[in-house]
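Engineer: Quick one: the structure is below, questions incoming.
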Amino acid sequence: MNEDPTANAGQRAVAESIERGGGDAGGLTVTDLLAMVTRKEPEPEAAPADAPVPHGVPDAEGLAAAIAEAAGRYLPEGRLAPDADFFDAGGSSVHAVELAAELERDLGVELDLDDVFADARPIGLARRWLETAGDAANLALPTPAPVTVPVAAPVAVPAPRPAVVASPSTTAASARQDDLDQILADLALADRLPFVRRPEPVAPRRILLTGATGFLGGHMLLDLLRHSDAHVYCLVRAADLEAATARLGESLRRHLLPWNAEIRRRVTVLPGDIRSPRLGLSDELWHTLTEELDSVVGVAAAVDFLRGYRSLRGSNVIGALTLAELAATGRPKPLHHISSIAVFNEVGITSLGEDDPLAHVDRLVAGYDQSKWAAEVALRRARDHGLVVSALRPGGIGGHSRTGAHNPQDLSSGLIAAFGRFRTVPAFRHLNVAPVDWVSRAAVAVVCEPDAWGFDYNLTGVPQTLDDVVRDMAFGGMHVRVQDWEEWRTDTLARLEAEPVPELTFLTRVLNSPTALKLCEATLTGPAAEGTRTAALVEALGLPPAARYDARAQLKTFEQLAGDGLARLPHKDDQPYLWFSETTEGGVRPVDGSTGGTPCSMALTLSLASMYQLVRERRLDVTGTVDCPAAHPEPLTVVRGDVWVRPEEGIPQSHGLKHQLLRYRLQLRDVEGELWWLEGHKYARARRDLWRQTRALTVELGREGEPAAFTGEVVVPADSYVRDQVDGIRVAPHLTAQEKRAAKLTWLAWFGVEMGRGLLGPFARAGADLLDLRRTTNPTEHRR
């Protein structure tokens, strides 16, 4: 074979330049390499007119052009280069579904959605289809319009292979090997980074943050501003400064975070893109940042469990390497990289410690897992060049424990919504999920503490077991049935198909994807993540320790999910979850004191629709009757009744002498249909009659819209209190015996703690008054 000496000379020149490396040696840097591979490749020479054309087999480039033309109609710019990624160009998962249907309808190209997500470049789709279709392909391709968009690919597209008939398993194995080859090539890019000295160990004052428009990134931006004096440069993907600023503000507000003048004063928005060489910034701005920044924080990533490695590498791997180059150029800066616990997502892995070996990359099946693995391993190579890199690995990121803000497209949120909506849970070992506010605060602590730089951290909080989740949902009044994984998946898909939930469409796609199912299997069968180093840092800095993402932490988020139509909260009209009787006896007298007292009694049933009702409202529902002859000769029926436990947190009344234990508010109706009201209070006082305080109820009674006509006191008889309110507790019959016992114990424990706190309140206040050392004795008192 004759070789072109000119071409060989050019290849040798490039190879020698790469070998020399960056810096003063005159070699190529990572940015130079990225710039080279994004240039448009020269068009292949036209084949001679008399060259033979294989009969019935379409040309890969021609098919790719036709696919690109169809894909462009779903994109913001209206066009797509044959070697550009559909998702990177602005396509969504919904668009991918529509594109696949159009290609099958108009071109006869039948592609599995997994193929589209695995490699969303038209040239990749064309080759994948030709490998499986082979000689059976006979397409009438439209003539596409000329495409002038630069080819954006990290490596040159190899020459098209001959179309041959290949089995699906052979094709899948070939694609998998291609991904592994690409991962190895991407890891080698880290070797081109310059060597760098360690940064000065001082708290950062100027920080570059990527991903501030995302869920975690937005919370980290606010935590950086709250807990440091730093000015933050936010890289935002947008066409210009105005659009970037608007996008950042909109995303922060969407996540219930503030966006005001004080925040804008300490934030500089930079329109750019982590997928572009030098982040899409001008050379001048790039060089300015290399000298002025103190720290680089990389949060931005493409989080999609359906897309393949080639579709995700631009954001998740090349973007991380570009940030590493920024950190290593000019003034030395630490790089804090948001990785993921997904780097361990190998089925059968035995431990997830912070310093444990990562998964074997050839055993990671999801493109997302592979991309996070490749980024972290590439940055480990950068450490060998002196770069200080911190790898921060969240697991599932749950909603904010106080605001309830959540990421509706997060897999954790989707699973929690499905658990609550369908009352079923797949069997799993552990869920490594933590609320976003804790993850953000721990990550920012690493960024701001120089002694913490350069280590790996698992920001996974306290793992949850299957028993934890089942118990938490029962506490919320949502008793769930545990199923094996395949049964749960089939049942959930059937329900979503019968009753589509637009907000859970992404979950349907995940449960239908063989690749994503492998990811879920690894997640659900994996061990608990360990965060020893993270816990030690949190303790050393005096931060709140990690707590389990339990029913209380999820409360606000679950309310938000219900508001978005993703979940259903228990309702007052639901069948009672737990109930018991309460009878009282006593007497009332007219408020004006005109006559003596008369007997009065109540026969009530207090019930809960769910334990959620207690956690959120601290309230019980009331039904029953009130027998008060002074008001009406016939008993009054409760139309609506509420009892609040420690209302207003038991805030003391009458200068701290009385604390509220319970407040009753009943709407009553007599036999004539007239409405009445009754207000009752149980108080705690600093006296020894504690047993009576828990049973005595001070009441006021009057007609609807009028002031109280009668007042008095009724008391639960001592011999009926335990019989009715402890032994007499009833639980919904559809619960299992174990669930019934758990419901009773949970209620008694919760109510007992609340009553104990309420009864101790007055004594604590009295003791504080007796031991008040703030008083200063005046001279007169001293002489006496």
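We label chains A, B, ... in the order they appear in the structure tokens, count residues from 1 in each chain, and number ligands from 1 in the order shown.
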Excluding same-chain residues fewer than 5 positions from Asp304 in chain A, what lies within 9 Å of it counting only C-alpha atoms, as a list in words?
Structural biologist: Leu312, Gly367 and Tyr368 of chain A
Engineer: Pick out the residues sitting within 12 Å of Val510 in chain A, and hand them over as a VMD selection string; count only C-alpha atoms, and ignore anything fewer than 2 positions along from it in its own chain.
Structural biologist: chain A and resid 93 113 to 114 117 304 to 307 366 409 to 411 414 to 415 489 492 to 493 504 to 508 512 to 521
Engineer: As a PyMOL selection string, please: all residues of range 474-684 of chain A that backbone DSSP puts in strand (DSSP E or B).
Structural biologist: chain A and resi 481-483+529+548+578-590+598-608+619-627+636-645+652-653+658-669+675-684
Engineer: Compare A:Glu674, A:Glu69, A:Glu634, A:Glu77 by their minimum atom-to-atom distance to Gly705 in chain A, counting only C-alpha atoms, and give me the closest one.
Structural biologist: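 Closest to Gly705 in chain A of all the choices is A:Glu674.
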Engineer: Find the residues around range 467-470 of chain A up to 10 Å (only C-alpha atoms counted), leave out those fewer than 5 positions away in its own chain, and share them as a list of chain:residue names.
Structural biologist: A:Ile416, A:Phe419, A:Arg423, A:Thr424, A:Val425, A:Ala427, A:Phe428, A:Arg429, A:His430, A:Leu431, A:Phe475, A:Gly476, A:Met478, A:His479, A:Val480, A:Arg481, A:Val482, A:Arg548, A:Tyr549, A:Asp550, A:Ala551
Engineer: Next, write the just-selected residues to a file, as a PDB file, in the first residue's frame, keeping N, CA and C atoms as the atom set.
Structural biologist:
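Now in result_32.pdb:
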```pdb
ATOM      1  N   ILE A 416     -39.804   7.866  45.402  1.00  0.00           N
ATOM      2  CA  ILE A 416     -40.577   8.196  46.600  1.00  0.00           C
ATOM      3  C   ILE A 416     -42.028   8.507  46.232  1.00  0.00           C
ATOM      4  N   PHE A 419     -43.732   5.238  45.497  1.00  0.00           N
ATOM      5  CA  PHE A 419     -43.998   4.504  46.735  1.00  0.00           C
ATOM      6  C   PHE A 419     -45.286   5.004  47.387  1.00  0.00           C
ATOM      7  N   ARG A 423     -48.507   2.751  47.023  1.00  0.00           N
ATOM      8  CA  ARG A 423     -48.438   2.012  48.281  1.00  0.00           C
ATOM      9  C   ARG A 423     -47.705   0.679  48.130  1.00  0.00           C
ATOM     10  N   THR A 424     -46.681   0.652  47.293  1.00  0.00           N
ATOM     11  CA  THR A 424     -45.830  -0.525  47.147  1.00  0.00           C
ATOM     12  C   THR A 424     -44.374  -0.078  47.143  1.00  0.00           C
ATOM     13  N   VAL A 425     -43.490  -0.971  47.603  1.00  0.00           N
ATOM     14  CA  VAL A 425     -42.065  -0.680  47.677  1.00  0.00           C
ATOM     15  C   VAL A 425     -41.294  -1.908  47.210  1.00  0.00           C
ATOM     16  N   ALA A 427     -38.239  -4.527  47.232  1.00  0.00           N
ATOM     17  CA  ALA A 427     -37.272  -4.952  48.241  1.00  0.00           C
ATOM     18  C   ALA A 427     -35.885  -4.429  47.877  1.00  0.00           C
ATOM     19  N   PHE A 428     -35.208  -3.822  48.834  1.00  0.00           N
ATOM     20  CA  PHE A 428     -33.862  -3.301  48.613  1.00  0.00           C
ATOM     21  C   PHE A 428     -33.064  -3.446  49.896  1.00  0.00           C
ATOM     22  N   ARG A 429     -31.755  -3.280  49.775  1.00  0.00           N
ATOM     23  CA  ARG A 429     -30.894  -3.374  50.957  1.00  0.00           C
ATOM     24  C   ARG A 429     -30.754  -2.030  51.643  1.00  0.00           C
ATOM     25  N   HIS A 430     -30.351  -1.015  50.877  1.00  0.00           N
ATOM     26  CA  HIS A 430     -30.150   0.313  51.452  1.00  0.00           C
ATOM     27  C   HIS A 430     -30.481   1.377  50.411  1.00  0.00           C
ATOM     28  N   LEU A 431     -30.934   2.522  50.890  1.00  0.00           N
ATOM     29  CA  LEU A 431     -31.065   3.713  50.061  1.00  0.00           C
ATOM     30  C   LEU A 431     -30.099   4.757  50.626  1.00  0.00           C
ATOM     31  N   PHE A 475     -45.849   5.460  59.458  1.00  0.00           N
ATOM     32  CA  PHE A 475     -46.000   6.607  60.346  1.00  0.00           C
ATOM     33  C   PHE A 475     -46.759   7.731  59.651  1.00  0.00           C
ATOM     34  N   GLY A 476     -46.615   7.808  58.326  1.00  0.00           N
ATOM     35  CA  GLY A 476     -47.340   8.802  57.557  1.00  0.00           C
ATOM     36  C   GLY A 476     -48.719   8.354  57.146  1.00  0.00           C
ATOM     37  N   MET A 478     -49.396   5.691  55.394  1.00  0.00           N
ATOM     38  CA  MET A 478     -49.356   5.073  54.067  1.00  0.00           C
ATOM     39  C   MET A 478     -48.698   3.705  54.199  1.00  0.00           C
ATOM     40  N   HIS A 479     -49.486   2.714  54.502  1.00  0.00           N
ATOM     41  CA  HIS A 479     -48.953   1.376  54.664  1.00  0.00           C
ATOM     42  C   HIS A 479     -48.690   0.783  53.290  1.00  0.00           C
ATOM     43  N   VAL A 480     -47.500   0.271  53.110  1.00  0.00           N
ATOM     44  CA  VAL A 480     -47.065  -0.190  51.800  1.00  0.00           C
ATOM     45  C   VAL A 480     -46.837  -1.695  51.815  1.00  0.00           C
ATOM     46  N   ARG A 481     -46.940  -2.275  50.626  1.00  0.00           N
ATOM     47  CA  ARG A 481     -46.692  -3.695  50.441  1.00  0.00           C
ATOM     48  C   ARG A 481     -45.331  -3.851  49.777  1.00  0.00           C
ATOM     49  N   VAL A 482     -44.501  -4.733  50.322  1.00  0.00           N
ATOM     50  CA  VAL A 482     -43.166  -4.962  49.776  1.00  0.00           C
ATOM     51  C   VAL A 482     -43.247  -6.031  48.689  1.00  0.00           C
ATOM     52  N   ARG A 548     -30.906  10.605  59.377  1.00  0.00           N
ATOM     53  CA  ARG A 548     -31.614   9.812  58.380  1.00  0.00           C
ATOM     54  C   ARG A 548     -32.711  10.641  57.713  1.00  0.00           C
ATOM     55  N   TYR A 549     -32.828  10.475  56.411  1.00  0.00           N
ATOM     56  CA  TYR A 549     -33.853  11.197  55.638  1.00  0.00           C
ATOM     57  C   TYR A 549     -35.192  10.510  55.879  1.00  0.00           C
ATOM     58  N   ASP A 550     -35.722  10.736  57.087  1.00  0.00           N
ATOM     59  CA  ASP A 550     -36.897   9.995  57.529  1.00  0.00           C
ATOM     60  C   ASP A 550     -38.184  10.755  57.234  1.00  0.00           C
ATOM     61  N   ALA A 551     -39.276  10.313  57.872  1.00  0.00           N
ATOM     62  CA  ALA A 551     -40.587  10.904  57.584  1.00  0.00           C
ATOM     63  C   ALA A 551     -40.623  12.394  57.887  1.00  0.00           C
TER      64      ALA A 551
END
```
Engineer: Neighbouring residues of Val446 in chain A were defined as those with any atom within 12 Å, considering only C-alpha atoms; residues of the same chain fewer than 2 positions away were excluded. Please report them as number ranges by chain.
Structural biologist: A: 203-204, 220, 223-224, 227-228, 295, 297, 334-338, 389-392, 439-444, 448-459, 533-538, 540-541, 543
Engineer: Choose the residue, out of A:Leu216, A:Leu270, A:Ala609, A:Val94, that has the smallest atom-to-atom separation from Val303 in chain A; count only C-alpha atoms.
Structural biologist: A:Leu216
Engineer: Select, from A:Pro599, A:Gly761, A:Pro258, A:Pro633, the residue with the minimum atom-to-atom distance to Gln660 in chain A, counting only C-alpha atoms.
Structural biologist: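 Using only C-alpha atoms, Gln660 in chain A sits closest to A:Gly761.
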Engineer: Write down as a PyMOL selection string the residues belonging to range 237-387 of chain A that are assigned alpha helix (DSSP H) by DSSP computed on the backbone.
Structural biologist: chain A and resi 241-254+261-265+283-292+309-313+319-328+367-383
